[in-house]
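Have a look at model_10.cif below; it lists mmCIF, C-alpha atoms.
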data_final
#
loop_
_atom_site.label_atom_id
_atom_site.label_comp_id
_atom_site.auth_asym_id
_atom_site.auth_seq_id
_atom_site.Cartn_x
_atom_site.Cartn_y
_atom_site.Cartn_z
CA MET E 1 144.72 247.41 -3.36
CA ALA E 2 148.19 245.97 -3.93
CA LYS E 3 149.81 244.11 -1.08
CA ALA E 4 153.13 245.56 0.15
CA ALA E 5 156.31 243.53 -0.20
CA PRO E 6 157.37 241.66 2.95
CA TRP E 7 159.93 243.28 5.23
CA THR E 8 163.51 242.21 4.56
CA PRO E 9 166.09 241.43 7.28
CA LYS E 10 167.97 244.57 6.18
CA GLN E 11 164.86 246.72 6.77
CA ASP E 12 164.30 245.06 10.15
CA ALA E 13 167.91 245.82 11.13
CA LEU E 14 167.44 249.42 10.02
CA LEU E 15 164.26 249.68 12.07
CA ARG E 16 165.99 248.28 15.19
CA ARG E 17 169.01 250.55 14.78
CA TYR E 18 167.16 253.83 14.26
CA HIS E 19 164.02 253.30 16.37
CA GLY E 20 163.90 256.13 18.90
CA VAL E 21 166.80 257.92 17.16
CA LEU E 22 165.16 259.13 13.96
CA SER E 23 161.58 260.21 13.54
CA ARG E 24 159.00 257.65 12.45
CA GLU E 25 158.66 259.40 9.10
CA GLU E 26 162.42 259.26 8.44
CA ILE E 27 162.64 255.58 9.31
CA ALA E 28 159.61 254.78 7.13
CA ARG E 29 161.26 256.61 4.24
CA LEU E 30 164.64 254.89 4.81
CA ALA E 31 162.92 251.50 4.98
CA GLY E 32 161.92 251.82 1.35
CA ARG E 33 158.69 253.69 0.82
CA ARG E 34 156.96 252.33 3.88
CA THR E 35 154.16 254.24 5.56
CA VAL E 36 154.41 255.45 9.13
CA MET E 37 151.62 253.06 10.05
CA ALA E 38 153.49 250.13 8.46
CA TYR E 39 156.56 251.12 10.45
CA GLY E 40 154.57 251.16 13.71
CA VAL E 41 152.99 247.77 13.01
CA ARG E 42 156.35 246.22 12.13
CA ALA E 43 158.04 247.68 15.22
CA SER E 44 155.25 246.24 17.35
CA ARG E 45 155.60 242.80 15.75
CA LEU E 46 159.37 242.87 16.36
CA GLY E 47 158.77 243.75 20.01
CA ILE E 48 160.39 247.17 19.71
CA ARG E 49 158.69 249.59 22.04
CA SER E 50 159.34 253.16 22.91
CA LEU E 51 157.58 255.08 25.59
CA ARG E 52 156.84 258.76 25.97
CA THR E 53 157.62 260.83 29.04
CA GLY E 54 153.98 260.70 30.10
CA ASP E 55 154.04 256.88 29.93
CA ILE E 56 157.30 256.34 31.78
CA ALA E 57 157.00 258.94 34.58
CA PRO E 58 154.32 257.06 36.59
CA GLU E 59 156.15 253.76 36.03
CA LEU E 60 159.32 255.23 37.57
CA GLY E 61 157.34 256.90 40.34
CA VAL E 62 158.35 260.44 39.40
CA SER E 63 156.80 263.42 37.65
CA ILE E 64 157.10 264.20 33.93
CA VAL E 65 159.24 267.21 34.88
CA THR E 66 161.75 264.91 36.62
CA VAL E 67 161.98 262.63 33.57
CA VAL E 68 162.54 265.68 31.32
CA ARG E 69 165.24 266.91 33.73
CA TRP E 70 167.02 263.53 33.53
CA ILE E 71 166.86 263.71 29.73
CA LYS E 72 168.21 267.27 29.61
CA LYS E 73 171.06 266.40 31.99
CA GLY E 74 171.96 263.41 29.80
CA PHE E 75 171.13 260.68 32.34
CA LEU E 76 168.35 259.23 30.18
CA GLN E 77 168.67 258.93 26.41
CA ALA E 78 165.61 260.05 24.46
CA ARG E 79 164.51 261.62 21.19
CA ARG E 80 162.40 264.75 21.18
CA THR E 81 159.03 264.47 19.48
CA VAL E 82 156.65 267.20 18.51
CA THR E 83 153.17 266.65 19.84
CA ILE E 84 150.35 268.97 18.96
CA THR E 85 148.14 269.50 21.99
CA TYR E 86 144.99 271.44 22.78
CA LYS E 87 144.34 274.43 20.48
CA GLY E 88 147.24 273.50 18.19
CA LYS E 89 150.02 274.33 20.69
CA GLN E 90 153.16 272.22 20.75
CA ASN E 91 154.11 270.43 23.95
CA PRO E 92 157.87 270.90 24.42
CA GLN E 93 158.22 268.19 27.06
CA TRP E 94 157.43 265.12 24.99
CA TYR E 95 160.28 262.73 24.32
CA GLU E 96 160.31 259.22 22.94
CA ILE E 97 162.34 256.84 25.11
CA GLN E 98 163.37 253.30 24.18
CA GLU E 99 163.05 250.55 26.77
CA GLU E 100 166.79 249.82 26.45
CA ALA E 101 167.55 253.43 27.43
CA ILE E 102 165.34 253.11 30.51
CA ILE E 103 167.07 249.88 31.53
CA GLN E 104 170.48 251.50 31.05
CA PHE E 105 169.37 254.48 33.16
CA LEU E 106 168.10 252.21 35.95
CA GLN E 107 171.39 250.29 36.02
CA THR E 108 173.78 253.24 35.87
CA HIS E 109 171.97 256.01 37.78
CA TYR E 110 170.64 253.88 40.64
CA LEU E 111 170.89 256.71 43.19
CA ARG E 112 168.73 259.08 41.14
CA TYR E 113 165.44 257.29 41.80
CA ASP E 114 163.63 255.55 44.63
CA PRO E 115 163.37 251.80 43.80
CA SER E 116 160.33 251.37 46.04
CA ARG E 117 158.33 253.63 43.69
CA LEU E 118 159.13 251.64 40.54
CA VAL E 119 156.46 249.56 38.86
CA GLU E 120 157.15 245.83 39.19
CA ARG E 121 158.32 245.39 35.58
CA TRP E 122 161.33 247.70 36.22
CA GLN E 123 162.30 246.28 39.65
CA LYS E 124 164.44 243.52 38.16
CA TYR E 125 166.82 246.08 36.60
CA VAL E 126 167.76 247.80 39.88
CA PRO E 127 171.38 246.92 40.78
CA TRP E 128 170.70 246.23 44.47
CA LYS E 129 174.31 245.19 45.23
CA GLU E 130 175.71 248.43 43.80
CA ARG E 131 173.08 250.51 45.57
CA ALA E 132 173.95 248.88 48.91
CA LYS E 133 177.54 250.16 48.64
CA TRP E 134 176.32 253.73 49.29
CA ILE E 135 174.77 255.30 52.38
CA SER E 136 173.19 258.71 52.78
CA ILE E 137 175.07 261.20 54.93
CA SER E 138 172.15 261.36 57.39
CA GLU E 139 172.15 257.56 57.85
CA ALA E 140 175.94 257.54 58.28
CA SER E 141 175.67 260.32 60.85
CA LYS E 142 173.10 258.34 62.87
CA GLN E 143 175.05 255.04 62.63
CA HIS E 144 178.43 256.42 63.64
CA SER E 145 177.34 259.25 65.99
CA TYR E 146 179.23 261.94 64.12
CA GLY E 147 177.73 265.13 62.75
CA TYR E 148 177.43 266.09 59.10
CA GLN E 149 180.37 268.49 59.38
CA TRP E 150 182.68 265.65 60.42
CA PHE E 151 181.74 263.70 57.28
CA TYR E 152 182.09 266.76 55.04
CA GLN E 153 185.61 267.32 56.40
CA ARG E 154 186.52 263.73 55.39
CA ILE E 155 184.97 264.32 51.96
CA TRP E 156 187.00 267.53 51.45
CA ARG E 157 190.18 265.68 52.45
CA GLY E 158 189.41 263.00 49.87
CA GLU E 159 189.08 260.22 52.45
CA ILE E 160 185.45 259.39 51.57
CA ARG E 161 184.06 259.12 48.05
CA VAL E 162 180.78 260.91 47.49
CA THR E 163 178.01 261.16 44.93
CA LYS E 164 174.66 262.88 44.66
CA GLY E 165 171.31 261.16 44.40
CA ARG E 166 167.62 261.96 44.38
CA ASN E 167 165.83 262.67 47.61
CA PRO E 168 162.82 260.31 47.67
CA THR E 169 160.88 262.29 50.28
CA ARG E 170 161.19 265.86 49.02
CA ALA E 171 162.70 267.95 46.23
CA GLY E 172 166.47 268.22 46.02
CA GLU E 173 169.40 265.88 46.17
CA ILE E 174 170.99 263.73 48.86
CA THR E 175 174.71 263.28 49.45
CA TYR E 176 175.64 259.59 49.38
CA LEU E 177 178.87 258.29 50.90
CA PHE E 178 180.77 255.14 49.94
CA ARG E 179 180.37 252.63 52.81
CA GLU E 180 183.83 251.04 52.47
CA ASP E 181 185.52 254.44 52.76
CA ILE E 182 183.58 255.23 55.93
CA GLU E 183 184.55 251.88 57.44
CA SER E 184 188.25 252.39 56.63
CA VAL E 185 188.19 255.89 58.19
CA MET E 186 186.47 254.49 61.31
CA LYS E 187 189.06 251.71 61.62
CA ARG E 188 191.87 254.23 61.28
CA ILE E 189 190.33 256.40 64.03
CA GLN E 190 189.91 253.41 66.35
CA THR E 191 193.56 252.37 65.96
CA MET E 192 194.83 255.88 66.84
#
Would you encode the structure as structure tokens?
Amino acid sequence: MAKAAPWTPKQDALLRRYHGVLSREEIARLAGRRTVMAYGVRASRLGIRSLRTGDIAPELGVSIVTVVRWIKKGFLQARRTVTITYKGKQNPQWYEIQEEAIIQFLQTHYLRYDPSRLVERWQKYVPWKERAKWISISEASKQHSYGYQWFYQRIWRGEIRVTKGRNPTRAGEITYLFREDIESVMKRIQTM
């Protein structure tokens, strides 16, 4: 059996650029008549990993359905893969996700997940300082002794910035308020 030619820097760059974007077969073909197995071995040696929805969901402390929802809404970048399952049926919920995409998701959508549920390897990517700038409407209501309606009036007036995040205890979303805006509104009320 003839030994394959060594991988060139150009092929390695191609592999890094298209991993998780194109299918394994397409990358193997673009890399110059490489087999899919050779592609997988080379990606592993270069430290390029991609995870599937079933791998990443438990690591992020959510269900596969939640990961698929994030992908469909565009929060998490992924490439759809076709996986043949039991009795030859295709599983429509399998996506291949690069580690870089997961890190980007953790850093930009920090209110969409519960950091306490993350596996230790992902904890270092949580932007704790950014997350601390936001407070849930229920916490703000308890701290400042005002009802939800009072906060919603300030939101409608544009006095308090707001965003939505994941509810860690049950299904649905939580309204998060920007702490600095709340403090400035409270100061303005106290000076009146």
- [ ] For the structure shown, which residues end up in the PyMOL selection byres ((chain E and resi 103) around 12)? Put them as a list in words, please?
- [x] Ile56, Leu60, Phe75, Leu76, Gln77, Ile97, Gln98, Glu99, Glu100, Ala101, Ile102, Gln104, Phe105, Leu106, Gln107, Thr108, His109, Tyr110, Arg121, Trp122, Gln123, Lys124, Tyr125, Val126 and Pro127 of chain E
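Between atom CA of Phe151 of chain E and atom CA of Lys187 of chain E there is a distance of 14.7 Å.
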Open item on the list: I'd like to see the residues matched by the PyMOL selection byres ((chain E and resi 5) around 12) on this file, and ideally I'd get them as a VMD selection string.
Closed with: chain E and resid 2 to 4 6 to 8 11 31 to 34 38
Task: Residues matched by the PyMOL selection byres ((chain E and resi 137) around 9) as an NGL selection string - done: :E and (135-136 or 138-142 or 148 or 151-152 or 174-177)
Open item on the list: Report, in Å with one decimal, the straight-line distance from atom CA of Leu14 of chain E to atom CA of Tyr39 of chain E.
Closed with: 11.0 Å
Need the axis-aligned box for segment 125-138 of chain E with 6 Å each side, so what are the centre and edges in Å to one decimal, as AutoDock Vina command-line options?
--center_x 172.2 --center_y 253.3 --center_z 47.0 --size_x 22.7 --size_y 28.2 --size_z 32.8
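With only C-alpha atoms taken into account, the protein and nucleic acid residues at most 10 Å from Gly40 of chain E (excluding it and anything under 6 positions from it in its own chain) are Leu15, Arg24, Ala28, Leu46, Ile48 and Arg49 of chain E.
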Task: Among the residues E:Trp150, E:Tyr18, E:Tyr113, E:Phe178, the one that comes closest to Ala57 of chain E [using all atoms listed in the file] - done: E:Tyr113
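Taking atom CA of Trp128 of chain E and atom CA of Arg112 of chain E as endpoints, the distance between them is 13.4 Å.
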Open item on the list: Please determine, counting all atoms listed in the file, which residue among E:Arg16, E:Ile64, E:Glu26, E:Pro115 has the shortest atom-to-atom distance to Arg42 of chain E.
Closed with: E:Arg16
